[in-house]
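Undergrad: This is the structure I have questions about; it appears just below.
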Amino acid sequence: MIKPTLVDQYLAIFLLLVVGVLFAAGSFVASATLGPKKKPSGAKVAPYECGIVPDKEPPSRFPVRFYLVAMIFIIFDIEIVFLYPFAVIFRQLGSFGLVEVLIFSVVVFVSLLYLVSTGALSWGPAKRLQSGMPSRTSESTITRITAEADGPSTHQAA
Amino acid sequence: MSALAVVTAHSTIVLPHIRYLAILPEIVMLGGAVLLLGIASLVRRPLRVTVSTVGTIVIAGTSLGLALWQWADISSHGPYTAIDHAVVVDGFSVLITITVACAMILSALVGDGYLRREGVDGCEFHVLAMVSATGAMFMGEANDLIIVFLGLEIMSIALYVLAAMNHRRAASGEAALKYFVLGGFSSAVFIYGVALTYGATGTTNLTQIADFLSHNVIASNGVLLAGLSLLLVGFLFKVAAVPFHMWTPDVYQGAPSPVTGFMAAVAKAGGFAALLRVFVSSFGTLQSDWRPILYAVAVITLLFGAGVALVQRDVKRVLAYSSINHAGFVLLGVEAATAQGVSASLYYLFTYTFMTIGAFAVVTLLGRRGDGHHDIASYRGLAGRQPLLALAFAVLLLAQAGAPFTTGFLAKFQVVDASVNAGSVPLAVIAMVSAAIAAFFYLRIGLIMYTPVAGKGFLPGIEPLDDDEANAGPSGESETDGTGDAAPAELSAGNGQRPVWSGTEGAVVVRTQLNAELLLDTAPGEVQVLDPSEDIVEADAVDDETAAESAAEDTAKVPVPALAALAIGLCVAVTVVFGVIPAPLIDFAHKATLLFIP
């Protein structure tokens with residue numbers, strides 16, 4: 001009697017496994033059958049640089065800001081993970097739960113405040129850079145002057 | 001949606017009674033950190049270092065005061081568990097809280113001068129350190145494996161960021177990344193151990209685990225032992241015991257020096273607190289299983305830490321390996337698994353906090369701007385330049401070596417005594433041998449500090465260049481390298497008090513020729529003039545220009561900020577005063593153990 005129930009319990013997991021494997025295999029098969037057969041020529045995969053044939057790898061520039069936003073998103077995403085179960089049972093938790101969640105929210109809100117104050121959420125060139133660590137070089141100063149051209153200097157003179 | 005509402009409508013949730021007084025030191029510490037962060041975010045300019053430091057000291061001081069109040073409370077009313085038995089307030093936890101709060105105050109004092117010197121505004125150092133300290137406090141108070149894990153993560157994640165504080169130094173980022181990756185891995189191992197322990201015993205509560213194990217005999221305890229060993233791996237990583245020590249030297253070297261001192265004190269206090277509570281009280285009935293493992297770990301930790309430190313040239317690395325050696329000593333107390341062992345370990349952790357933060361405070365000052373001058377050669381002649389600083393460092397190093405009349409000696413004595421009483425005599429002997437090995441590298445730093453710099457000798461008869469050595473050519477140039485390792489007596493043999501150049505003309509010529517290539521504005525013809533006085537002047541000028549860092553800066557006095565001096569003074573005072581008058585502190589640790597509830 002026990003054996004059938006065990007099978008019942010794990011049947012769903014087994015089916016999920018099978019479906020997963022089938023989906024992965026199916027994706028490969030589909031892309032192989034539906035995709036273009038001809039391999040792209042060398043000229044097609046080469047990076048475009050004003051029509052000149054590049055003789056070295058072109059510098060690929062992308063803003064680091066995307067990573068920052070992604071990390072910040074994760075932090076506040078986790079906040080939702082905690083808030084959702086609270087919202088479901090907040091009547092049972094009563095005032096205690098409300099106070100605890102408020103405290104939690106305040107802590108997360110302060111971290112948001114910090115992010116805003118350091119300019120982590122401002123798009124475009126950074127308006128306010130944090131005053132830096134040790135040896136100031138002319139190069140770093142130039143970088144900063146460029147960055148702060150549109151705002152007052154906020155960091156302390158060394 | 002409605003189905004969920006039906007399911008939840010009839011069930012009632014039993015909320016635990018929250019006794020906020022039990023976690024008040026932690027609340028103050030964490031709340032203070034959040035408040036400081038909020039204020040720093042709202043003011044227009046980056047928060048001044050002074051404001052952050054004062055705020056941190058006030059917050060950590062309040063936390064310390066509350067911990068002392070808790071101590072008075074449990075002394076009269078006895079220890080208790082709170083919040084559904086998830087945290088415990090007993091002598092053990094209060095002592096750890098006091099240790100961590102002291103470490104926080106001292107680190108804030110040291111960090112003040114560091115942040116000023118490096119020109120860092122803002123509150124990040126202080127806020128992260130306070131968050132990390134909160135985690136360590138929770139590790140001491142935890143009575144549930146989940147709370148242990150929570151404390152471990154709060155402490156570690158803040159430490160990862162702190163290690164990367166100095167983002168201009170690549171080494172700092174490298175250290176943080178190493179620490180983060182390995183630390184994250186060890187946390188995963190730890191939580192897997194928690195899961196297996198839960199699977200074997202049906203609870204994560206430490207008291208209930210102890211109850212379960214004392215009332216039940218598990219026929220096949222493979223899962224439990226696997227969980228036990230995974231927990232052990234997690235803890236041993238945090239306290240840097242030997243098979244899991246790989247991160248320690250790199251992270252200690254790469255992290256900013258005040259952070260290193262804080263990390264050494266707080267991570268050890270938190271890690272060992274949880275290790276002691278989980279193993280000695282919860283798994284006390286499984287002693288025969290885990291004591292041999294700790295025995296082996298302690299032996300290799302002691303010997304490896306002391307042995308490898310001997311060949312290090314970087315003072316921060318020396319101190320990192322010495323901290324591994326110290327971890328071995330605390331493991332002695334854990335391995336004993338007796339009340340005396342717990343008491344000795346607590347005493348060790350408390351006194352080690354002061355010794356290590358004081359030592360790293362001196363290293364911070366001597367690192368100079370940029371925090372880079374940690375080669376042992378730059379410590380030469382410190383006693384001549386700044387006798388008080390050298391004396392303080394010497395005292396702290398001697399204490400770490402276990403010299404009598406310091407707390408370091410008493411700490412070592414107590415763990416060894418506990419180990420002997422628990423029957424691990426060979427381990428105790430190995431510990432003493434390792435202390436003797438370790439004494440060598442502490443004394444080496446001390447000797448170098450009291451060896452004068454070339455040409456500026458305050459002891460007559462010691463000169464930087466032997467005739468033979470100088471005539472041998474470019475190797476004679478090593479003014480800052482060779483002589484410290486040789487005994488002063490050997491150097492004083494032949495030279496008397498001649499001026500440096502009188503016996504070393506050959507060397508001067510060689511050096512000048514070598515250096516001429518480096519000088520852009522000196523023609524080779526000028527260099528060939530064989531007038532010794534001119535040559536030496538030129539050679540010195542070249543030295544100053546080419547080796548500006550090592551020659552000129554290393555002999556310059558380092559500024560000693562008042563707050564850092566206060567921190568070092570406090571550390572030395574605690575180390576010496578309680579070394580001479582041992583009774584109060586030993587009684588404190590002993591009483592903390594008496595108030596220990598398993």
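Here's how to read the names in the structure tokens: chain A, B, ... by the order shown, residue numbers from 1 in each chain, ligand numbers from 1 in the order shown.
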For chain B, list the residues within 8 Å of chain A, counting only C-alpha atoms, and write the list as a PyMOL selection string.

TA: chain B and resi 8+12-13+15+34+37-38+40-42+45-46+117-121+166-168+369-370

Undergrad: Just the selected residues (C-alpha atoms), exported as a tab-separated table (two decimals), in the first residue's frame, please.

TA:
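Final output, saved to selection.tsv:
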```
chain	number	residue	atom	x	y	z
B	8	THR	CA	-5.26	31.17	6.74
B	12	THR	CA	-3.76	31.39	14.54
B	13	ILE	CA	-0.10	32.21	14.67
B	15	LEU	CA	3.83	34.86	18.27
B	34	VAL	CA	21.25	52.80	10.44
B	37	LEU	CA	23.81	56.09	7.62
B	38	GLY	CA	20.56	58.03	7.42
B	40	ALA	CA	25.08	60.85	6.43
B	41	SER	CA	22.73	60.47	3.50
B	42	LEU	CA	20.67	63.53	4.37
B	45	ARG	CA	28.39	67.19	2.32
B	46	PRO	CA	29.99	63.83	3.06
B	117	ARG	CA	45.24	60.32	6.52
B	118	GLU	CA	43.80	58.68	3.43
B	119	GLY	CA	41.37	61.51	2.90
B	120	VAL	CA	38.20	59.43	3.07
B	121	ASP	CA	35.04	61.19	4.16
B	166	ASN	CA	40.54	50.99	0.04
B	167	HIS	CA	39.39	50.86	-3.56
B	168	ARG	CA	42.50	52.58	-4.88
B	369	ARG	CA	49.86	57.48	3.67
B	370	GLY	CA	48.72	54.89	1.17
```

Undergrad: Using only C-alpha atoms, determine which residues lie at most 10 Å from B:Gly140, disregarding the query and same-chain residues fewer than 3 positions distant; provide the list as a CSV table (one decimal) with C-alpha atoms, in the first residue's frame.

TA:
```csv
chain,number,residue,atom,x,y,z
B,87,VAL,CA,18.8,33.9,21.9
B,88,VAL,CA,20.4,33.3,25.3
B,89,VAL,CA,21.6,35.9,27.7
B,90,ASP,CA,24.3,34.4,30.0
B,92,PHE,CA,29.2,33.8,28.0
B,93,SER,CA,27.2,35.9,25.6
B,94,VAL,CA,27.6,39.1,27.6
B,95,LEU,CA,31.4,38.6,27.7
B,96,ILE,CA,31.4,38.2,23.9
B,97,THR,CA,29.2,41.3,23.6
B,100,VAL,CA,33.0,43.0,20.5
B,134,THR,CA,26.2,43.3,15.6
B,135,GLY,CA,26.6,40.1,13.7
B,136,ALA,CA,29.4,39.0,16.0
B,137,MET,CA,27.3,39.8,19.0
B,143,ASN,CA,20.9,29.6,20.9
B,147,ILE,CA,20.5,32.6,14.5
B,148,VAL,CA,24.2,31.5,14.4
B,151,GLY,CA,25.0,36.4,12.9
B,269,ALA,CA,35.4,36.4,18.9
B,270,GLY,CA,32.2,35.7,17.0
B,271,GLY,CA,33.4,32.5,15.4
B,272,PHE,CA,34.8,31.0,18.5
B,273,ALA,CA,31.8,32.1,20.6
B,274,ALA,CA,29.5,30.1,18.3
B,275,LEU,CA,31.9,27.2,18.0
B,276,LEU,CA,32.2,26.9,21.7
B,277,ARG,CA,28.4,27.1,22.3
```

Undergrad: Identify, on the basis of only C-alpha atoms, every residue whose closest approach to B:Gly183 does not exceed 12 Å; exclude the query and any residue fewer than 3 positions from it along the same chain; express the result as a compact mmCIF listing (two decimals) with C-alpha atoms, in the first residue's frame.

TA:
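That gives us around-v3.txt:
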```txt
# COMPACT_ATOMS: atom_id res chain seq x y z
CA LEU B 152 27.68 34.75 10.77
CA GLU B 153 26.33 36.27 7.58
CA MET B 155 29.23 39.76 10.35
CA SER B 156 30.88 38.32 7.23
CA ILE B 157 29.12 40.30 4.51
CA ALA B 158 30.00 43.57 6.23
CA LEU B 159 33.59 42.36 6.58
CA TYR B 160 33.83 41.52 2.88
CA ALA B 175 41.57 40.51 -0.72
CA ALA B 176 37.87 41.29 -0.55
CA LEU B 177 37.07 39.10 -3.53
CA LYS B 178 39.07 36.19 -2.12
CA TYR B 179 37.42 36.58 1.24
CA PHE B 180 33.99 36.89 -0.34
CA SER B 186 32.15 28.22 3.75
CA SER B 187 28.77 29.75 4.65
CA ALA B 188 27.13 27.36 2.21
CA VAL B 189 28.98 24.45 3.83
CA PHE B 190 27.85 25.68 7.24
CA VAL B 233 34.30 23.36 8.66
CA GLY B 234 32.17 26.51 8.58
CA PHE B 235 33.42 27.64 11.98
CA LEU B 236 37.05 26.74 11.40
CA PHE B 237 37.03 28.79 8.23
CA LYS B 238 35.81 31.85 10.09
CA VAL B 239 38.40 31.53 12.85
CA ALA B 240 41.17 30.71 10.35
CA PHE B 244 40.87 26.41 6.11
CA HIS B 245 43.33 29.25 6.61
CA MET B 246 44.29 29.94 2.99
CA TRP B 247 42.44 33.23 2.82
CA THR B 248 43.93 34.68 5.99
CA VAL B 251 43.09 39.11 3.22
CA ALA B 267 35.63 37.52 13.45
```

Undergrad: Please indicate the distance in Å from atom CA of B:Ala210 to atom CA of B:Ala422, rounded to one decimal place.

TA: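 We find that atom CA of B:Ala210 and atom CA of B:Ala422 lie 21.1 Å from each other.
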
Undergrad: Between atom CA of B:Leu228 and atom CA of B:Gln414, what distance in Å does the model show, to one decimal?

TA: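 These atoms are spaced 27.0 Å apart.
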
Undergrad: Compile the contact shell of stretch 592-597 of chain B as number ranges by chain: residues with an atom at most 7 Å away, counting only C-alpha atoms, same-chain residues fewer than 3 positions apart removed.

TA: B: 79, 90-92, 95, 339, 342-343, 588-589

Undergrad: In Å, how far is it from atom CA of B:Met355 to atom CA of B:Phe578?

TA: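 About the pair atom CA of B:Met355 and atom CA of B:Phe578: they are 12.1 Å apart.
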
Undergrad: Just want the 7 Å neighbourhood of stretch 330-337 of chain B, counted on only C-alpha atoms, with same-chain residues fewer than 5 positions away dropped. Output as an mmCIF file with N, CA and C atoms, in the first residue's frame.

TA:
```cif
data_model
loop_
_atom_site.group_PDB
_atom_site.id
_atom_site.type_symbol
_atom_site.label_atom_id
_atom_site.label_comp_id
_atom_site.auth_asym_id
_atom_site.auth_seq_id
_atom_site.Cartn_x
_atom_site.Cartn_y
_atom_site.Cartn_z
ATOM 1 N N LEU B 276 32.201 27.415 20.374
ATOM 2 C CA LEU B 276 32.175 26.920 21.749
ATOM 3 C C LEU B 276 30.761 26.518 22.141
ATOM 4 N N VAL B 280 30.555 22.611 22.544
ATOM 5 C CA VAL B 280 30.722 22.199 23.941
ATOM 6 C C VAL B 280 29.371 21.933 24.596
ATOM 7 N N ARG B 291 36.243 15.630 19.386
ATOM 8 C CA ARG B 291 37.484 16.048 20.043
ATOM 9 C C ARG B 291 38.750 15.617 19.281
ATOM 10 N N LEU B 294 39.333 18.084 16.436
ATOM 11 C CA LEU B 294 39.857 19.372 16.894
ATOM 12 C C LEU B 294 41.295 19.237 17.370
ATOM 13 N N TYR B 295 41.597 18.089 17.953
ATOM 14 C CA TYR B 295 42.972 17.827 18.407
ATOM 15 C C TYR B 295 43.936 17.965 17.232
ATOM 16 N N ALA B 298 44.051 21.530 15.880
ATOM 17 C CA ALA B 298 44.802 22.412 16.772
ATOM 18 C C ALA B 298 46.306 22.215 16.573
ATOM 19 N N VAL B 342 36.381 26.409 28.432
ATOM 20 C CA VAL B 342 35.546 27.510 27.941
ATOM 21 C C VAL B 342 36.004 28.820 28.558
ATOM 22 N N ALA B 344 38.930 29.558 29.775
ATOM 23 C CA ALA B 344 40.242 29.946 29.247
ATOM 24 C C ALA B 344 40.109 30.526 27.847
ATOM 25 N N SER B 345 39.245 29.914 27.026
ATOM 26 C CA SER B 345 39.054 30.418 25.667
ATOM 27 C C SER B 345 38.473 31.823 25.684
ATOM 28 N N TYR B 348 41.081 34.214 26.616
ATOM 29 C CA TYR B 348 41.996 34.383 25.490
ATOM 30 C C TYR B 348 41.409 35.340 24.460
ATOM 31 N N VAL B 415 44.865 28.281 28.742
ATOM 32 C CA VAL B 415 44.416 27.263 27.775
ATOM 33 C C VAL B 415 45.267 26.008 27.891
ATOM 34 N N VAL B 416 46.562 26.194 28.119
ATOM 35 C CA VAL B 416 47.431 25.017 28.253
ATOM 36 C C VAL B 416 47.055 24.228 29.501
ATOM 37 N N ALA B 418 44.107 24.161 30.939
ATOM 38 C CA ALA B 418 42.836 23.480 30.674
ATOM 39 C C ALA B 418 43.058 22.232 29.840
ATOM 40 N N SER B 419 43.964 22.353 28.874
ATOM 41 C CA SER B 419 44.232 21.227 27.997
ATOM 42 C C SER B 419 44.864 20.076 28.768
ATOM 43 N N ALA B 422 42.355 18.349 30.859
ATOM 44 C CA ALA B 422 41.437 17.525 30.070
ATOM 45 C C ALA B 422 42.134 16.292 29.512
#
```

Undergrad: Residues near stretch 81-83 of chain A, anyone? I mean within 8 Å using only C-alpha atoms, not counting same-chain ones fewer than 4 positions away, as a ChimeraX atom specification.

TA: /A:77,87,101
